[in-house]
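> Structure below; questions to follow.
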Amino acid sequence: MEQISNAAEIRAKVLQDIMTYHCTAVLEYKIEYPFFRSNKYRDAIRKLNRYYLDKAKKLEEYYRSEIYKQAVEQYKYDMENDIPVRTFSAGTNFTVTFNSLCVVSLYTDEYLYLGGAHPTATRTSDTWNL
């Protein structure tokens, strides 16, 4: 007897880049976001995929504009003051904590290192009834 799964297939998609200024890496980012597949919940899956893609692209734009500007300013300061250049880094990764009975739960960790002693980290969670 064939068993029917109520779980969605979930894999990671990634947006990433290493941004330079004067041939020096000043910002690296890697945004990992979930991509869902299921033959049972097509409308919900399509909306979820659009939601996470839009969220990832918005975050990427923030990194490429605002964080890059900060990284360039820090580079200039470091060079003027003979300080080793520190590459800023940013990104996200997700962990699925539940995927069964048409429910998906996951959390996303975002980190941001701006050259200080420690990066900042934020965790958010989502639970979806497909």
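Here, A, B, ... name the chains of the structure tokens in the order displayed, residue numbers run from 1 inside each chain, and ligands are numbered from 1 in the same displayed order.
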For segment 67-97 of chain A versus segment 23-45 of chain A, which residues have an atom no more than 7 Å away, and what is each residue's nearest atom pair and distance in Å rounded to one decimal, using only C-alpha atoms, chain-then-number order, as a tab-separated table?

```
residue	atom	partner	partner_atom	distance
A:Tyr68	CA	A:Leu27	CA	6.4
A:Ala71	CA	A:Val26	CA	5.6
A:Val72	CA	A:Val26	CA	6.7
A:Thr87	CA	A:Val26	CA	4.5
A:Phe88	CA	A:Leu27	CA	4.6
A:Ser89	CA	A:Glu28	CA	4.7
A:Ala90	CA	A:Tyr29	CA	4.7
A:Gly91	CA	A:Lys30	CA	4.7
A:Thr92	CA	A:Ile31	CA	4.8
A:Asn93	CA	A:Glu32	CA	4.9
A:Phe94	CA	A:Tyr33	CA	6.6
```
> Contacts of segment 97-100 of chain A at 7 Å or less, counting only C-alpha atoms, minus same-chain residues fewer than 3 places along, as a list in words?
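Final neighbour list, sorted by chain and number: Asn6, Ala7, Ala8, Val103, Val104, Ser105 and Leu106 of chain A.
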> Find, counting only C-alpha atoms, the residue in A:Leu114, A:Asp126, A:Ile83, A:Val14 that gets nearest to Glu60 of chain A.
A:Val14
> Any idea what's packed within 7 Å of Thr124 of chain A, counting only C-alpha atoms, ignoring anything in its chain fewer than 5 positions away? Could you give it as a PyMOL selection string?
chain A and resi 107-109
> For the residues in the current selection, export C-alpha atoms as an mmCIF file, in the first residue's frame.

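Written out: result.cif:
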```cif
data_model
loop_
_atom_site.group_PDB
_atom_site.id
_atom_site.type_symbol
_atom_site.label_atom_id
_atom_site.label_comp_id
_atom_site.auth_asym_id
_atom_site.auth_seq_id
_atom_site.Cartn_x
_atom_site.Cartn_y
_atom_site.Cartn_z
ATOM 1 C CA TYR A 107 12.995 29.492 12.331
ATOM 2 C CA THR A 108 15.446 31.810 10.623
ATOM 3 C CA ASP A 109 18.649 33.132 12.151
#
```
> What does the distance between atom CA of Tyr111 of chain A and atom CA of Tyr21 of chain A come to in Å, to one decimal place?
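Pair atom CA of Tyr111 of chain A / atom CA of Tyr21 of chain A returns 21.9 Å.
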> When DSSP works through the backbone of this structure, what residues of segment 42-105 of chain A end up as helix (DSSP H, G or I), shown as a PyMOL selection string?
chain A and resi 42-80
> Selected residues, N, CA, C and O atoms, written as a short mmCIF file (atom, residue, chain, number, x, y, z; two decimals), in the first residue's frame, please.

```
data_model
loop_
_atom_site.label_atom_id
_atom_site.label_comp_id
_atom_site.auth_asym_id
_atom_site.auth_seq_id
_atom_site.Cartn_x
_atom_site.Cartn_y
_atom_site.Cartn_z
N ARG A 42 -0.63 23.37 -3.65
CA ARG A 42 -0.01 24.23 -4.68
C ARG A 42 -0.21 25.73 -4.45
O ARG A 42 0.73 26.50 -4.58
N ASP A 43 -1.43 26.15 -4.12
CA ASP A 43 -1.66 27.59 -3.91
C ASP A 43 -0.89 28.11 -2.71
O ASP A 43 -0.25 29.17 -2.78
N ALA A 44 -0.94 27.38 -1.62
CA ALA A 44 -0.22 27.80 -0.41
C ALA A 44 1.29 27.81 -0.67
O ALA A 44 1.99 28.75 -0.25
N ILE A 45 1.78 26.80 -1.36
CA ILE A 45 3.21 26.70 -1.65
C ILE A 45 3.66 27.87 -2.53
O ILE A 45 4.71 28.48 -2.30
N ARG A 46 2.86 28.20 -3.53
CA ARG A 46 3.20 29.32 -4.41
C ARG A 46 3.30 30.62 -3.61
O ARG A 46 4.24 31.40 -3.78
N LYS A 47 2.37 30.84 -2.69
CA LYS A 47 2.39 32.05 -1.87
C LYS A 47 3.59 32.06 -0.91
O LYS A 47 4.23 33.10 -0.72
N LEU A 48 3.88 30.91 -0.33
CA LEU A 48 5.03 30.83 0.58
C LEU A 48 6.33 31.11 -0.17
O LEU A 48 7.20 31.84 0.33
N ASN A 49 6.48 30.52 -1.34
CA ASN A 49 7.70 30.73 -2.11
C ASN A 49 7.85 32.20 -2.50
O ASN A 49 8.96 32.74 -2.45
N ARG A 50 6.77 32.84 -2.87
CA ARG A 50 6.82 34.26 -3.21
C ARG A 50 7.17 35.08 -1.97
O ARG A 50 7.99 36.00 -2.02
N TYR A 51 6.59 34.75 -0.83
CA TYR A 51 6.85 35.46 0.42
C TYR A 51 8.33 35.40 0.78
O TYR A 51 8.96 36.43 1.06
N TYR A 52 8.91 34.19 0.77
CA TYR A 52 10.31 34.05 1.17
C TYR A 52 11.28 34.62 0.13
O TYR A 52 12.32 35.17 0.49
N LEU A 53 10.95 34.52 -1.14
CA LEU A 53 11.79 35.14 -2.17
C LEU A 53 11.78 36.65 -2.03
O LEU A 53 12.84 37.29 -2.06
N ASP A 54 10.60 37.25 -1.87
CA ASP A 54 10.51 38.70 -1.70
C ASP A 54 11.28 39.16 -0.46
O ASP A 54 11.98 40.18 -0.50
N LYS A 55 11.14 38.42 0.62
CA LYS A 55 11.82 38.76 1.86
C LYS A 55 13.34 38.68 1.67
O LYS A 55 14.08 39.57 2.12
N ALA A 56 13.83 37.65 0.99
CA ALA A 56 15.26 37.50 0.74
C ALA A 56 15.79 38.62 -0.16
O ALA A 56 16.86 39.18 0.10
N LYS A 57 15.05 38.96 -1.20
CA LYS A 57 15.49 40.03 -2.10
C LYS A 57 15.50 41.39 -1.41
O LYS A 57 16.38 42.21 -1.66
N LYS A 58 14.54 41.62 -0.54
CA LYS A 58 14.50 42.88 0.21
C LYS A 58 15.71 42.97 1.15
O LYS A 58 16.35 44.01 1.26
N LEU A 59 16.05 41.86 1.80
CA LEU A 59 17.20 41.83 2.67
C LEU A 59 18.49 42.02 1.86
O LEU A 59 19.39 42.76 2.27
N GLU A 60 18.56 41.38 0.71
CA GLU A 60 19.73 41.54 -0.16
C GLU A 60 19.90 43.00 -0.57
O GLU A 60 21.03 43.53 -0.55
N GLU A 61 18.83 43.66 -0.92
CA GLU A 61 18.91 45.07 -1.30
C GLU A 61 19.41 45.92 -0.14
O GLU A 61 20.21 46.84 -0.33
N TYR A 62 18.96 45.62 1.07
CA TYR A 62 19.43 46.33 2.26
C TYR A 62 20.93 46.13 2.45
O TYR A 62 21.68 47.08 2.69
N TYR A 63 21.39 44.89 2.32
CA TYR A 63 22.82 44.62 2.43
C TYR A 63 23.61 45.36 1.35
O TYR A 63 24.63 45.97 1.63
N ARG A 64 23.12 45.31 0.12
CA ARG A 64 23.85 45.88 -1.02
C ARG A 64 23.87 47.41 -0.98
O ARG A 64 24.76 48.03 -1.56
N SER A 65 22.92 48.01 -0.33
CA SER A 65 22.89 49.47 -0.28
C SER A 65 23.40 49.97 1.07
O SER A 65 24.50 50.49 1.17
N GLU A 66 22.65 49.78 2.12
CA GLU A 66 22.98 50.36 3.42
C GLU A 66 24.22 49.75 4.06
O GLU A 66 25.11 50.48 4.52
N ILE A 67 24.29 48.44 4.13
CA ILE A 67 25.43 47.81 4.80
C ILE A 67 26.70 48.00 3.98
O ILE A 67 27.79 48.22 4.53
N TYR A 68 26.59 47.95 2.66
CA TYR A 68 27.77 48.19 1.81
C TYR A 68 28.32 49.60 2.04
O TYR A 68 29.54 49.79 2.15
N LYS A 69 27.44 50.60 2.14
CA LYS A 69 27.89 51.97 2.40
C LYS A 69 28.68 52.03 3.71
O LYS A 69 29.73 52.68 3.79
N GLN A 70 28.16 51.37 4.73
CA GLN A 70 28.85 51.34 6.03
C GLN A 70 30.20 50.64 5.91
O GLN A 70 31.19 51.08 6.52
N ALA A 71 30.24 49.56 5.14
CA ALA A 71 31.49 48.81 4.95
C ALA A 71 32.55 49.66 4.25
O ALA A 71 33.73 49.63 4.61
N VAL A 72 32.12 50.43 3.26
CA VAL A 72 33.06 51.31 2.53
C VAL A 72 33.58 52.40 3.47
O VAL A 72 34.78 52.71 3.47
N GLU A 73 32.70 52.99 4.25
CA GLU A 73 33.13 54.01 5.21
C GLU A 73 34.13 53.44 6.21
O GLU A 73 35.13 54.08 6.55
N GLN A 74 33.87 52.22 6.68
CA GLN A 74 34.79 51.58 7.62
C GLN A 74 36.13 51.29 6.95
O GLN A 74 37.18 51.47 7.55
N TYR A 75 36.07 50.86 5.69
CA TYR A 75 37.31 50.62 4.92
C TYR A 75 38.15 51.89 4.86
O TYR A 75 39.36 51.88 5.11
N LYS A 76 37.51 53.01 4.51
CA LYS A 76 38.22 54.28 4.41
C LYS A 76 38.85 54.67 5.75
O LYS A 76 40.01 55.09 5.82
N TYR A 77 38.08 54.52 6.80
CA TYR A 77 38.59 54.84 8.14
C TYR A 77 39.77 53.94 8.49
O TYR A 77 40.80 54.42 8.99
N ASP A 78 39.63 52.65 8.23
CA ASP A 78 40.70 51.70 8.53
C ASP A 78 41.98 52.05 7.76
O ASP A 78 43.08 52.02 8.31
N MET A 79 41.83 52.37 6.48
CA MET A 79 42.99 52.71 5.66
C MET A 79 43.66 54.00 6.14
O MET A 79 44.89 54.07 6.22
N GLU A 80 42.87 55.01 6.47
CA GLU A 80 43.41 56.29 6.95
C GLU A 80 44.14 56.13 8.28
O GLU A 80 45.08 56.88 8.58
#
```
> Which residues in segment 15-64 of chain A does DSSP call strand (DSSP E)? List them as an MDAnalysis selection string.
chainID A and resid 15:21 24:37
> Would you put the residues from that selection into a file with N, CA and C atoms, as a JSON list (two decimals), in the first residue's frame?

```
[["chain", "number", "residue", "atom", "x", "y", "z"],
["A", 15, "LEU", "N", 20.98, 33.46, -2.03],
["A", 15, "LEU", "CA", 21.46, 34.70, -2.68],
["A", 15, "LEU", "C", 22.76, 35.04, -1.96],
["A", 16, "GLN", "N", 23.85, 35.22, -2.71],
["A", 16, "GLN", "CA", 25.12, 35.52, -2.05],
["A", 16, "GLN", "C", 26.02, 36.34, -2.95],
["A", 17, "ASP", "N", 26.93, 37.05, -2.31],
["A", 17, "ASP", "CA", 27.89, 37.85, -3.06],
["A", 17, "ASP", "C", 29.03, 38.26, -2.13],
["A", 18, "ILE", "N", 30.15, 38.59, -2.73],
["A", 18, "ILE", "CA", 31.27, 39.22, -2.04],
["A", 18, "ILE", "C", 31.45, 40.57, -2.73],
["A", 19, "MET", "N", 31.23, 41.64, -2.00],
["A", 19, "MET", "CA", 31.30, 42.99, -2.56],
["A", 19, "MET", "C", 32.64, 43.62, -2.20],
["A", 20, "THR", "N", 33.23, 44.27, -3.18],
["A", 20, "THR", "CA", 34.56, 44.84, -3.00],
["A", 20, "THR", "C", 34.55, 46.36, -3.14],
["A", 21, "TYR", "N", 35.61, 46.95, -2.61],
["A", 21, "TYR", "CA", 35.89, 48.37, -2.78],
["A", 21, "TYR", "C", 37.39, 48.48, -2.93],
["A", 24, "THR", "N", 39.25, 45.21, -2.62],
["A", 24, "THR", "CA", 39.28, 44.57, -1.30],
["A", 24, "THR", "C", 37.86, 44.18, -0.92],
["A", 25, "ALA", "N", 37.69, 42.95, -0.47],
["A", 25, "ALA", "CA", 36.37, 42.50, 0.00],
["A", 25, "ALA", "C", 35.99, 43.30, 1.25],
["A", 26, "VAL", "N", 34.86, 43.99, 1.18],
["A", 26, "VAL", "CA", 34.39, 44.75, 2.34],
["A", 26, "VAL", "C", 33.08, 44.20, 2.90],
["A", 27, "LEU", "N", 32.36, 43.40, 2.09],
["A", 27, "LEU", "CA", 31.09, 42.82, 2.55],
["A", 27, "LEU", "C", 30.87, 41.49, 1.86],
["A", 28, "GLU", "N", 30.60, 40.48, 2.68],
["A", 28, "GLU", "CA", 30.17, 39.17, 2.18],
["A", 28, "GLU", "C", 28.78, 38.92, 2.75],
["A", 29, "TYR", "N", 27.89, 38.40, 1.92],
["A", 29, "TYR", "CA", 26.59, 38.01, 2.46],
["A", 29, "TYR", "C", 26.14, 36.71, 1.81],
["A", 30, "LYS", "N", 25.36, 35.96, 2.58],
["A", 30, "LYS", "CA", 24.76, 34.72, 2.11],
["A", 30, "LYS", "C", 23.38, 34.61, 2.75],
["A", 31, "ILE", "N", 22.37, 34.74, 1.92],
["A", 31, "ILE", "CA", 20.99, 34.69, 2.39],
["A", 31, "ILE", "C", 20.41, 33.35, 1.96],
["A", 32, "GLU", "N", 20.16, 32.49, 2.92],
["A", 32, "GLU", "CA", 19.55, 31.19, 2.66],
["A", 32, "GLU", "C", 18.07, 31.30, 3.01],
["A", 33, "TYR", "N", 17.23, 30.88, 2.09],
["A", 33, "TYR", "CA", 15.79, 30.96, 2.34],
["A", 33, "TYR", "C", 15.12, 29.68, 1.84],
["A", 34, "PRO", "N", 13.97, 29.33, 2.42],
["A", 34, "PRO", "CA", 13.33, 28.07, 2.05],
["A", 34, "PRO", "C", 12.58, 28.14, 0.73],
["A", 35, "PHE", "N", 12.59, 27.02, 0.02],
["A", 35, "PHE", "CA", 11.81, 26.85, -1.19],
["A", 35, "PHE", "C", 11.02, 25.56, -1.01],
["A", 36, "PHE", "N", 9.71, 25.65, -1.18],
["A", 36, "PHE", "CA", 8.80, 24.55, -0.89],
["A", 36, "PHE", "C", 8.29, 23.91, -2.18],
["A", 37, "ARG", "N", 8.06, 22.60, -2.09],
["A", 37, "ARG", "CA", 7.41, 21.86, -3.18],
["A", 37, "ARG", "C", 6.41, 20.89, -2.59]]
```
> Using only C-alpha atoms, which of the listed residues (A:Val85, A:Ala12, A:Cys102, A:Leu112) sits closest to Trp128 of chain A?
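Among A:Val85, A:Ala12, A:Cys102, A:Leu112, it is A:Cys102 that comes nearest to Trp128 of chain A.
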> Which one of A:Thr95, A:Glu9, A:Glu110, A:Asn81 sits closest to Arg123 of chain A if you count only C-alpha atoms?
A:Glu110
